[in-house]
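Colleague: My file is model_16.txt. It has compact mmCIF, C-alpha atoms:
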```txt
# COMPACT_ATOMS: atom_id res chain seq x y z
CA MET A 1 -38.50 98.83 73.26
CA TYR A 2 -40.33 99.42 76.49
CA SER A 3 -38.20 101.07 79.11
CA ALA A 4 -35.87 98.51 80.63
CA THR A 5 -36.88 99.80 84.05
CA PHE A 6 -40.47 98.57 83.66
CA HIS A 7 -40.36 95.58 85.98
CA SER A 8 -42.71 96.86 88.66
CA THR A 9 -44.61 94.02 90.33
CA THR A 10 -47.32 96.24 91.79
CA PHE A 11 -49.04 99.38 90.65
CA ASN A 12 -49.59 102.45 92.78
CA ASN A 13 -50.31 104.90 89.96
CA ALA A 14 -52.01 103.77 86.78
CA SER A 15 -51.07 106.82 84.73
CA ALA A 16 -47.41 106.44 85.67
CA VAL A 17 -47.47 102.85 84.49
CA MET A 18 -48.96 103.75 81.12
CA SER A 19 -46.48 106.60 80.72
CA THR A 20 -43.65 104.11 81.20
CA LEU A 21 -45.13 101.82 78.56
CA ASN A 22 -45.78 104.58 76.05
CA ALA A 23 -42.25 105.95 76.39
CA SER A 24 -41.02 102.92 74.47
CA THR A 25 -39.94 102.86 70.85
CA GLN A 26 -41.90 99.67 70.18
CA SER A 27 -45.50 99.64 69.01
CA PRO A 28 -47.60 100.63 72.03
CA PRO A 29 -49.52 97.80 73.69
CA SER A 30 -53.27 97.67 74.02
CA GLU A 31 -54.65 99.04 77.25
CA GLY A 32 -55.37 95.76 79.00
CA LEU A 33 -57.26 96.53 82.21
CA PRO A 34 -56.93 99.45 84.60
CA THR A 35 -54.26 99.10 87.29
CA ALA A 36 -54.69 99.43 91.04
CA ASN A 37 -52.72 99.37 94.25
CA PRO A 38 -52.99 95.76 95.49
CA ASN A 39 -54.30 96.85 98.89
CA ALA A 40 -57.28 98.52 97.22
CA VAL A 41 -58.51 95.16 95.90
CA GLY A 42 -57.57 92.96 98.84
CA MET A 43 -54.08 91.85 97.81
CA SER A 44 -50.78 92.16 99.66
CA GLU A 45 -48.12 94.18 97.88
CA THR A 46 -45.45 92.45 99.97
CA GLU A 47 -46.61 88.97 99.01
CA LEU A 48 -46.95 89.84 95.32
CA ALA A 49 -43.36 91.11 95.40
CA ARG A 50 -42.27 87.49 95.99
CA ILE A 51 -43.27 86.58 92.44
CA ARG A 52 -40.38 88.34 90.71
CA PRO A 53 -37.45 86.67 92.52
CA THR A 54 -39.17 83.29 92.22
CA MET A 55 -39.48 83.67 88.46
CA GLN A 56 -35.98 85.14 88.17
CA ALA A 57 -34.53 81.96 89.68
CA TYR A 58 -35.71 80.02 86.61
CA ILE A 59 -33.85 82.48 84.41
CA ASP A 60 -30.68 82.58 86.49
CA ASP A 61 -30.17 78.83 86.44
CA GLY A 62 -30.83 78.57 82.71
CA ARG A 63 -34.06 76.60 82.84
CA LEU A 64 -36.09 79.24 80.99
CA ALA A 65 -35.36 82.18 78.70
CA GLY A 66 -38.15 84.53 79.82
CA ILE A 67 -41.33 84.60 81.89
CA MET A 68 -44.30 86.99 81.88
CA THR A 69 -46.60 87.09 84.91
CA MET A 70 -49.86 88.95 85.44
CA VAL A 71 -52.43 89.08 88.24
CA ALA A 72 -55.77 90.90 88.11
CA ARG A 73 -58.37 91.16 90.84
CA ARG A 74 -61.78 92.83 90.82
CA GLY A 75 -61.16 94.12 87.32
CA HIS A 76 -57.75 95.71 88.02
CA ILE A 77 -54.21 94.61 87.27
CA VAL A 78 -52.16 94.46 90.48
CA HIS A 79 -49.06 92.69 89.13
CA TRP A 80 -47.56 92.65 85.65
CA ASP A 81 -43.95 91.71 85.18
CA ALA A 82 -41.42 90.16 82.81
CA VAL A 83 -38.03 88.63 83.55
CA GLY A 84 -35.40 87.20 81.21
CA VAL A 85 -35.21 87.53 77.44
CA GLN A 86 -37.39 87.20 74.36
CA ASP A 87 -34.81 85.13 72.53
CA ALA A 88 -31.94 83.05 73.93
CA ASP A 89 -29.86 83.86 70.83
CA THR A 90 -30.28 87.64 70.63
CA LYS A 91 -30.66 88.22 74.41
CA THR A 92 -33.30 90.88 73.72
CA PRO A 93 -35.00 91.62 77.06
CA LEU A 94 -38.51 90.29 77.50
CA HIS A 95 -41.13 92.98 78.11
CA PRO A 96 -44.54 92.56 79.73
CA ASP A 97 -46.59 93.01 76.56
CA ASP A 98 -44.47 91.04 74.13
CA ILE A 99 -46.21 88.62 71.77
CA PHE A 100 -46.44 84.91 72.62
CA ARG A 101 -47.61 81.74 70.90
CA ILE A 102 -50.58 80.80 73.04
CA PHE A 103 -51.31 77.49 71.30
CA SER A 104 -54.24 75.78 73.12
CA MET A 105 -55.24 78.96 74.92
CA THR A 106 -56.84 79.49 71.49
CA LYS A 107 -59.44 76.88 72.45
CA PRO A 108 -61.45 79.05 74.89
CA ILE A 109 -61.64 81.75 72.20
CA THR A 110 -62.92 79.28 69.61
CA SER A 111 -65.40 77.88 72.12
CA THR A 112 -66.63 81.42 72.79
CA ALA A 113 -67.19 81.91 69.06
CA VAL A 114 -69.24 78.72 68.94
CA MET A 115 -71.37 79.77 71.91
CA MET A 116 -72.04 83.15 70.30
CA LEU A 117 -73.55 81.30 67.35
CA VAL A 118 -75.48 79.02 69.71
CA GLU A 119 -77.05 82.13 71.21
CA GLU A 120 -78.01 83.31 67.71
CA GLY A 121 -79.69 80.00 66.92
CA LYS A 122 -77.25 79.14 64.14
CA ILE A 123 -75.79 76.22 66.10
CA ARG A 124 -77.34 73.93 68.72
CA LEU A 125 -75.26 71.98 71.20
CA ASP A 126 -77.00 68.75 70.20
CA ASP A 127 -76.54 69.37 66.46
CA PRO A 128 -74.68 66.52 64.73
CA VAL A 129 -71.41 67.75 63.29
CA GLU A 130 -72.39 66.45 59.85
CA ARG A 131 -74.89 69.30 59.64
CA PHE A 132 -71.84 71.54 59.10
CA VAL A 133 -69.26 69.04 57.85
CA PRO A 134 -71.11 66.38 55.80
CA GLU A 135 -68.12 64.01 55.82
CA PHE A 136 -68.83 63.29 59.51
CA SER A 137 -72.03 61.45 58.58
CA ASP A 138 -70.17 58.15 58.26
CA VAL A 139 -67.57 57.98 61.06
CA SER A 140 -66.13 54.72 62.35
CA VAL A 141 -64.53 53.51 65.58
CA TRP A 142 -61.28 51.55 65.91
CA THR A 143 -61.81 48.35 67.89
CA ASP A 144 -59.40 46.44 70.10
CA ASP A 145 -59.23 43.84 67.34
CA GLY A 146 -57.96 46.43 64.88
CA ASP A 147 -61.21 46.67 62.95
CA ARG A 148 -63.28 49.71 62.06
CA VAL A 149 -66.97 49.60 62.91
CA PRO A 150 -69.63 52.28 62.47
CA ALA A 151 -69.97 54.66 65.41
CA ASP A 152 -73.09 54.09 67.51
CA LYS A 153 -74.13 57.73 67.31
CA SER A 154 -73.26 61.00 65.61
CA ILE A 155 -70.66 63.37 67.03
CA THR A 156 -72.42 66.48 68.34
CA ILE A 157 -71.22 70.05 68.85
CA LYS A 158 -71.24 69.42 72.60
CA HIS A 159 -69.01 66.36 72.13
CA LEU A 160 -66.51 68.62 70.36
CA LEU A 161 -66.66 71.31 73.05
CA THR A 162 -66.10 68.77 75.85
CA HIS A 163 -63.49 66.62 74.04
CA THR A 164 -65.73 63.57 74.18
CA SER A 165 -66.03 63.27 70.39
CA GLY A 166 -63.77 60.24 69.94
CA LEU A 167 -61.27 62.30 67.95
CA THR A 168 -57.62 62.51 68.97
CA TYR A 169 -54.49 64.51 68.15
CA GLY A 170 -51.76 62.04 67.29
CA PHE A 171 -49.05 63.55 69.47
CA PHE A 172 -50.28 63.15 73.07
CA ALA A 173 -50.56 59.35 73.07
CA ASP A 174 -49.40 56.26 71.22
CA SER A 175 -52.61 54.39 70.48
CA PRO A 176 -53.25 52.80 67.08
CA VAL A 177 -55.52 55.71 66.18
CA ASP A 178 -52.89 58.25 67.24
CA ARG A 179 -50.42 56.49 64.97
CA ILE A 180 -52.94 56.65 62.11
CA TYR A 181 -53.28 60.41 62.69
CA ASN A 182 -49.50 60.83 62.59
CA GLU A 183 -49.10 58.74 59.46
CA SER A 184 -51.90 60.65 57.70
CA GLY A 185 -50.17 64.02 58.16
CA VAL A 186 -53.55 65.56 58.89
CA MET A 187 -52.11 67.82 61.61
CA SER A 188 -49.39 69.23 59.33
CA GLY A 189 -51.20 72.54 58.82
CA THR A 190 -51.01 72.43 55.03
CA GLU A 191 -54.76 72.47 54.32
CA ASP A 192 -57.52 74.98 54.95
CA LEU A 193 -60.25 74.26 57.49
CA GLU A 194 -62.67 72.82 54.95
CA HIS A 195 -60.22 70.19 53.70
CA PHE A 196 -58.74 69.58 57.16
CA ALA A 197 -62.16 68.79 58.65
CA ALA A 198 -63.04 66.48 55.77
CA ARG A 199 -59.79 64.55 56.22
CA VAL A 200 -60.24 64.18 59.98
CA ALA A 201 -63.70 62.71 59.35
CA GLU A 202 -62.09 59.92 57.33
CA LEU A 203 -59.95 58.78 60.28
CA PRO A 204 -61.21 56.30 62.91
CA LEU A 205 -62.39 57.38 66.35
CA ILE A 206 -60.72 56.08 69.49
CA ALA A 207 -64.15 55.52 71.09
CA ASN A 208 -67.81 56.08 70.39
CA PRO A 209 -68.92 59.70 70.78
CA GLY A 210 -69.66 60.53 74.40
CA ALA A 211 -67.93 57.43 75.78
CA ARG A 212 -64.53 58.85 76.71
CA TRP A 213 -62.75 62.13 77.39
CA ASN A 214 -59.76 62.51 75.09
CA TYR A 215 -57.89 65.72 74.30
CA SER A 216 -58.12 66.16 70.57
CA ALA A 217 -58.54 68.15 67.39
CA SER A 218 -62.19 68.67 68.32
CA THR A 219 -61.77 72.42 68.71
CA ASP A 220 -60.15 72.65 65.29
CA ILE A 221 -63.26 71.06 63.80
CA LEU A 222 -65.28 73.71 65.66
CA GLY A 223 -63.32 76.35 63.72
CA ARG A 224 -64.81 74.92 60.53
CA VAL A 225 -68.26 74.78 62.15
CA VAL A 226 -67.97 78.51 62.88
CA GLU A 227 -67.14 79.18 59.23
CA VAL A 228 -70.12 77.24 57.91
CA ALA A 229 -72.61 78.52 60.50
CA SER A 230 -71.56 82.16 60.20
CA GLY A 231 -70.75 82.33 56.50
CA GLN A 232 -67.41 83.99 57.34
CA LYS A 233 -63.82 82.84 57.33
CA PHE A 234 -62.82 81.81 60.82
CA ASP A 235 -60.21 84.53 61.29
CA GLN A 236 -62.64 87.18 60.02
CA PHE A 237 -65.32 86.06 62.49
CA LEU A 238 -62.90 86.17 65.43
CA GLN A 239 -61.64 89.60 64.41
CA GLU A 240 -65.06 91.18 63.94
CA ARG A 241 -66.94 89.50 66.77
CA ILE A 242 -64.35 89.05 69.54
CA PHE A 243 -61.00 90.78 68.97
CA THR A 244 -62.28 94.18 67.82
CA PRO A 245 -65.05 94.53 70.45
CA LEU A 246 -62.61 93.54 73.22
CA SER A 247 -59.76 95.71 71.83
CA MET A 248 -57.51 92.66 71.43
CA THR A 249 -55.24 94.47 68.99
CA ASP A 250 -52.34 91.99 68.97
CA THR A 251 -54.22 88.67 68.79
CA ALA A 252 -54.11 86.97 65.40
CA PHE A 253 -52.97 83.87 63.51
CA TYR A 254 -49.61 85.42 62.64
CA VAL A 255 -47.35 88.33 63.61
CA SER A 256 -47.25 91.18 61.13
CA GLU A 257 -43.84 92.59 60.25
CA ASP A 258 -44.38 95.85 62.14
CA LYS A 259 -44.84 93.88 65.39
CA ARG A 260 -42.03 91.38 64.85
CA ASN A 261 -39.70 93.15 67.31
CA ARG A 262 -42.16 92.24 70.09
CA PHE A 263 -42.43 88.57 69.13
CA THR A 264 -40.79 86.02 71.41
CA ALA A 265 -38.85 82.96 70.27
CA ASN A 266 -39.87 79.44 71.25
CA HIS A 267 -37.24 77.38 73.05
CA ALA A 268 -36.22 73.89 74.12
CA ARG A 269 -33.33 72.53 76.16
CA MET A 270 -30.75 70.84 73.95
CA ASN A 271 -27.40 69.59 75.22
CA ASN A 272 -28.19 71.26 78.54
CA THR A 273 -28.59 74.71 77.00
CA LEU A 274 -31.58 76.72 75.74
CA ALA A 275 -31.98 76.61 71.96
CA VAL A 276 -34.44 78.47 69.74
CA THR A 277 -36.88 76.05 68.08
CA ASP A 278 -39.11 78.60 66.31
CA SER A 279 -37.65 81.91 65.21
CA PRO A 280 -39.60 85.15 65.68
CA ASP A 281 -38.10 86.39 62.41
CA THR A 282 -38.49 83.45 60.04
CA GLY A 283 -40.59 80.90 61.89
CA ARG A 284 -44.07 79.46 61.64
CA TYR A 285 -45.98 82.54 62.79
CA THR A 286 -44.39 85.11 60.49
CA GLN A 287 -46.71 84.47 57.53
CA PRO A 288 -50.51 84.07 57.24
CA PRO A 289 -51.23 80.34 57.69
CA VAL A 290 -53.27 78.14 55.37
CA TRP A 291 -54.76 76.31 58.36
CA LEU A 292 -56.58 78.57 60.82
CA SER A 293 -56.24 76.34 63.84
CA GLY A 294 -59.03 76.91 66.35
CA GLY A 295 -57.29 74.51 68.66
CA GLY A 296 -53.91 76.17 68.81
CA GLY A 297 -53.17 78.73 66.12
CA LEU A 298 -53.24 82.13 67.80
CA ILE A 299 -50.60 84.51 69.04
CA SER A 300 -51.48 87.06 71.71
CA THR A 301 -50.28 89.37 74.47
CA ALA A 302 -50.98 89.64 78.17
CA SER A 303 -52.99 92.84 77.77
CA ASP A 304 -55.15 91.22 75.08
CA TYR A 305 -55.80 87.94 76.84
CA ILE A 306 -56.53 89.55 80.21
CA ARG A 307 -59.38 91.44 78.53
CA PHE A 308 -60.77 88.19 77.13
CA ALA A 309 -60.43 86.51 80.53
CA GLN A 310 -62.05 89.45 82.32
CA MET A 311 -64.97 89.25 79.92
CA LEU A 312 -65.47 85.63 80.98
CA LEU A 313 -65.07 86.49 84.66
CA GLN A 314 -67.74 89.19 84.25
CA GLU A 315 -70.06 86.63 82.66
CA GLY A 316 -69.85 87.78 79.08
CA HIS A 317 -69.26 91.53 79.03
CA LEU A 318 -66.39 93.99 79.23
CA ASN A 319 -67.04 97.73 79.34
CA ASP A 320 -69.59 98.41 76.60
CA SER A 321 -69.13 95.09 74.78
CA ARG A 322 -71.48 92.18 75.46
CA ILE A 323 -69.93 89.05 73.91
CA LEU A 324 -72.04 86.35 75.59
CA ALA A 325 -75.08 86.18 77.83
CA GLU A 326 -74.52 85.54 81.54
CA ASP A 327 -76.21 82.15 81.47
CA THR A 328 -74.07 81.08 78.52
CA VAL A 329 -70.82 81.78 80.37
CA ARG A 330 -72.11 80.00 83.48
CA ASN A 331 -72.91 77.00 81.32
CA MET A 332 -69.45 77.06 79.74
CA ARG A 333 -67.67 77.07 83.11
CA THR A 334 -69.82 74.24 84.52
CA ASN A 335 -68.53 70.66 84.41
CA HIS A 336 -70.34 68.69 81.68
CA LEU A 337 -68.64 65.33 82.16
CA PRO A 338 -70.34 62.41 83.87
CA ASP A 339 -68.84 61.21 87.15
CA ASP A 340 -67.08 58.25 85.54
CA MET A 341 -65.03 60.63 83.34
CA VAL A 342 -63.87 62.80 86.25
CA PRO A 343 -61.03 63.38 86.91
CA ILE A 344 -59.79 64.04 83.44
CA GLN A 345 -56.10 63.39 82.80
CA LEU A 346 -53.73 65.04 80.37
CA GLY A 347 -50.13 64.11 81.00
CA THR A 348 -48.92 65.60 84.27
CA TYR A 349 -50.84 68.87 84.05
CA LEU A 350 -54.40 68.31 85.21
CA SER A 351 -54.82 67.30 88.83
CA PRO A 352 -57.48 64.89 90.13
CA ALA A 353 -59.80 67.81 90.89
CA TYR A 354 -60.96 68.63 87.37
CA GLY A 355 -63.91 68.06 85.15
CA PHE A 356 -64.45 69.80 81.83
CA GLY A 357 -66.87 72.49 80.70
CA LEU A 358 -67.54 73.92 77.26
CA GLY A 359 -64.02 75.01 76.39
CA PHE A 360 -61.85 74.65 79.49
CA SER A 361 -61.25 72.49 82.57
CA VAL A 362 -63.25 73.22 85.71
CA VAL A 363 -62.41 72.50 89.36
CA VAL A 364 -65.04 70.19 90.85
CA ASP A 365 -63.20 69.03 93.98
CA GLN A 366 -61.12 71.78 95.56
CA ALA A 367 -60.02 69.47 98.38
CA GLY A 368 -58.48 67.11 95.84
CA SER A 369 -56.48 69.77 94.03
CA PRO A 370 -52.77 70.25 94.77
CA GLU A 371 -53.21 73.91 93.80
CA PRO A 372 -54.92 76.41 96.13
CA ASP A 373 -58.06 76.11 94.02
CA ASN A 374 -61.69 76.91 94.70
CA ASN A 375 -64.55 74.96 93.18
CA GLY A 376 -65.57 76.71 89.99
CA VAL A 377 -62.06 77.82 88.97
CA PHE A 378 -61.72 77.34 85.22
CA ARG A 379 -58.50 77.30 83.26
CA TRP A 380 -56.47 76.08 80.33
CA ALA A 381 -52.96 76.33 78.94
CA GLY A 382 -50.86 76.30 75.78
CA ALA A 383 -48.24 73.82 74.61
CA ALA A 384 -45.37 76.31 74.97
CA ASN A 385 -46.22 76.70 78.68
CA THR A 386 -48.65 79.59 78.72
CA PHE A 387 -51.14 79.24 81.57
CA PHE A 388 -54.19 81.10 82.81
CA TRP A 389 -56.86 80.53 85.42
CA ILE A 390 -60.02 82.42 86.40
CA ASP A 391 -61.46 82.24 89.92
CA PRO A 392 -65.02 83.64 90.07
CA GLN A 393 -65.17 83.31 93.86
CA GLU A 394 -62.10 85.50 94.38
CA GLU A 395 -62.72 87.68 91.28
CA LEU A 396 -59.17 86.75 90.31
CA ILE A 397 -57.25 86.04 87.10
CA GLY A 398 -53.68 84.75 86.98
CA MET A 399 -51.42 84.24 83.99
CA VAL A 400 -47.86 82.95 83.73
CA TRP A 401 -46.42 82.64 80.21
CA MET A 402 -43.23 81.17 78.80
CA GLN A 403 -42.11 79.99 75.37
CA MET A 404 -40.64 76.59 76.08
CA VAL A 405 -41.24 73.00 75.02
CA PRO A 406 -42.02 70.36 76.12
CA PHE A 407 -45.19 71.19 77.98
CA ALA A 408 -45.24 71.05 81.80
CA ALA A 409 -41.46 70.76 82.02
CA TYR A 410 -41.59 72.45 85.44
CA ASN A 411 -44.22 73.08 88.13
CA ILE A 412 -43.96 76.82 87.62
CA GLU A 413 -47.69 77.43 87.25
CA ARG A 414 -48.42 75.69 90.55
CA GLU A 415 -45.67 77.68 92.24
CA PHE A 416 -46.97 80.95 90.76
CA GLN A 417 -50.56 80.20 91.72
CA THR A 418 -49.54 79.49 95.31
CA LEU A 419 -47.77 82.85 95.52
CA VAL A 420 -50.84 84.62 94.14
CA TYR A 421 -53.27 83.05 96.60
CA ASN A 422 -50.90 83.74 99.47
CA ALA A 423 -51.24 87.42 98.56
CA ILE A 424 -55.02 87.50 99.07
CA GLN A 425 -55.79 89.42 102.25
```
Would you mind writing the file's structure down as structure tokens?

Modeller:
Amino acid sequence: MYSATFHSTTFNNASAVMSTLNASTQSPPSEGLPTANPNAVGMSETELARIRPTMQAYIDDGRLAGIMTMVARRGHIVHWDAVGVQDADTKTPLHPDDIFRIFSMTKPITSTAVMMLVEEGKIRLDDPVERFVPEFSDVSVWTDDGDRVPADKSITIKHLLTHTSGLTYGFFADSPVDRIYNESGVMSGTEDLEHFAARVAELPLIANPGARWNYSASTDILGRVVEVASGQKFDQFLQERIFTPLSMTDTAFYVSEDKRNRFTANHARMNNTLAVTDSPDTGRYTQPPVWLSGGGGLISTASDYIRFAQMLLQEGHLNDSRILAEDTVRNMRTNHLPDDMVPIQLGTYLSPAYGFGLGFSVVVDQAGSPEPDNNGVFRWAGAANTFFWIDPQEELIGMVWMQMVPFAAYNIEREFQTLVYNAIQ
């Protein structure tokens, strides 16, 4: 494993940090971003040092098993830490570059893949989805009277990117359509993308396309769109076009056996104690899946995801790799919802300050946000409580990751974000 002494919250010497990492007996992590002394990029080392004890308190009182935190500013990592354990059963210490289920933090990656194909002319934002999935040519809407009537327009690619398609998930609400999704078993993960998309098309919409924001399986349908438009399997496209160019060496749809010792367990509180709900040895992510979920199927590491996030912060490029054009990224991180759909609401997570872009939520009213946000901050999260945000104004990226269900059990992301902004000099 990585040296147990690697819990430094700030970095004064980049080579010393990498030497500590490479002294481990685990597989070495990818390089992430270069490190820097916080003062060199306008951050307070003293204030960043407050992060560790704050996170440790969640471990000490038994609320969480382990927490990874990372802060990068102006292209340099200034804080990267891990407290607690990978697994509440084995008590294996958690290390900064261990592998996490990122669930819906997959969505920005899928959305990036779509926008790459938009740039190539293989997809247009106003394309009807039936161009790629013919079964969507005859969708219907569930009415208040319990009837199904034809939708008044086609679902477009933009509807899918903005979650205004009329699709749903089945497990975030208890509407009649959500119950139909649950009863259908369509989200069970037992079918490939082609058959999954065809089955979703058979289910009723909760509203006409474009009429309502509703968090949904839209991004999973986009995974199938990528396959059809590119002529490649979804995982192959992501590997060749995003993961390899960005050196995201640990991001995939499952954890290979040689990396299993770095894979964290997922947890829940049961009978007032932490229990493992998905094993890193025998669980869901230990075998290649049938369903390549573009909405929530990936596993990743901090050093991988920070490179993806930095690419977005730098408007589409990282080092020698150009993934997207500058204007494309600006379009993605711009709110695309009409005023009557803002603010968007998803449980207790999103505050009244958010609209939605092409793949993530976007702050449109910084004064209305309970977080220390700036307009233009864009972010998303994963169901096991992995969070990230990107602040173009401050050239800042923050990530705080756990492996715990249910989602938003604590206000830890808000607490972490406050500590990070307090450290800006």

Colleague: Using only C-alpha atoms, which of A:Ala217, A:Ile99, A:Ala198, A:Ala367 sits nearest A:Lys259?

Modeller: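 Counting only C-alpha atoms, the residue closest to A:Lys259 is A:Ile99.
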
Colleague: By how many Å are atom CA of A:Asn261 and atom CA of A:Ile242 apart?

Modeller: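 Going from atom CA of A:Asn261 over to atom CA of A:Ile242 covers 25.1 Å.
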
Colleague: Please list as number ranges by chain every residue within 10 Å of stretch 165-179 of chain A, counting only C-alpha atoms and excluding residues in the same chain fewer than 4 positions away.

Modeller: A: 129, 139-144, 146, 151, 154-161, 183-187, 200-201, 203-218, 221, 346-347

Colleague: Closest to A:Arg307 among A:Val133, A:Ile323, A:Leu419, A:Leu274, using only C-alpha atoms?

Modeller: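 Result for the nearest residue to A:Arg307: A:Ile323.
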
Colleague: Could you tell me how far atom CA of A:Thr106 sits from atom CA of A:Asp127, in Å to one decimal place?

Modeller: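 We find that atom CA of A:Asp127 and atom CA of A:Thr106 lie 22.7 Å from each other.
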
Colleague: Taking into account only C-alpha atoms, which residue in the set A:Phe196, A:Trp401, A:Tyr410, A:Phe388 is nearest to A:Arg224?

Modeller: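 Between A:Phe196, A:Trp401, A:Tyr410, A:Phe388, the residue approaching A:Arg224 most closely is A:Phe196.
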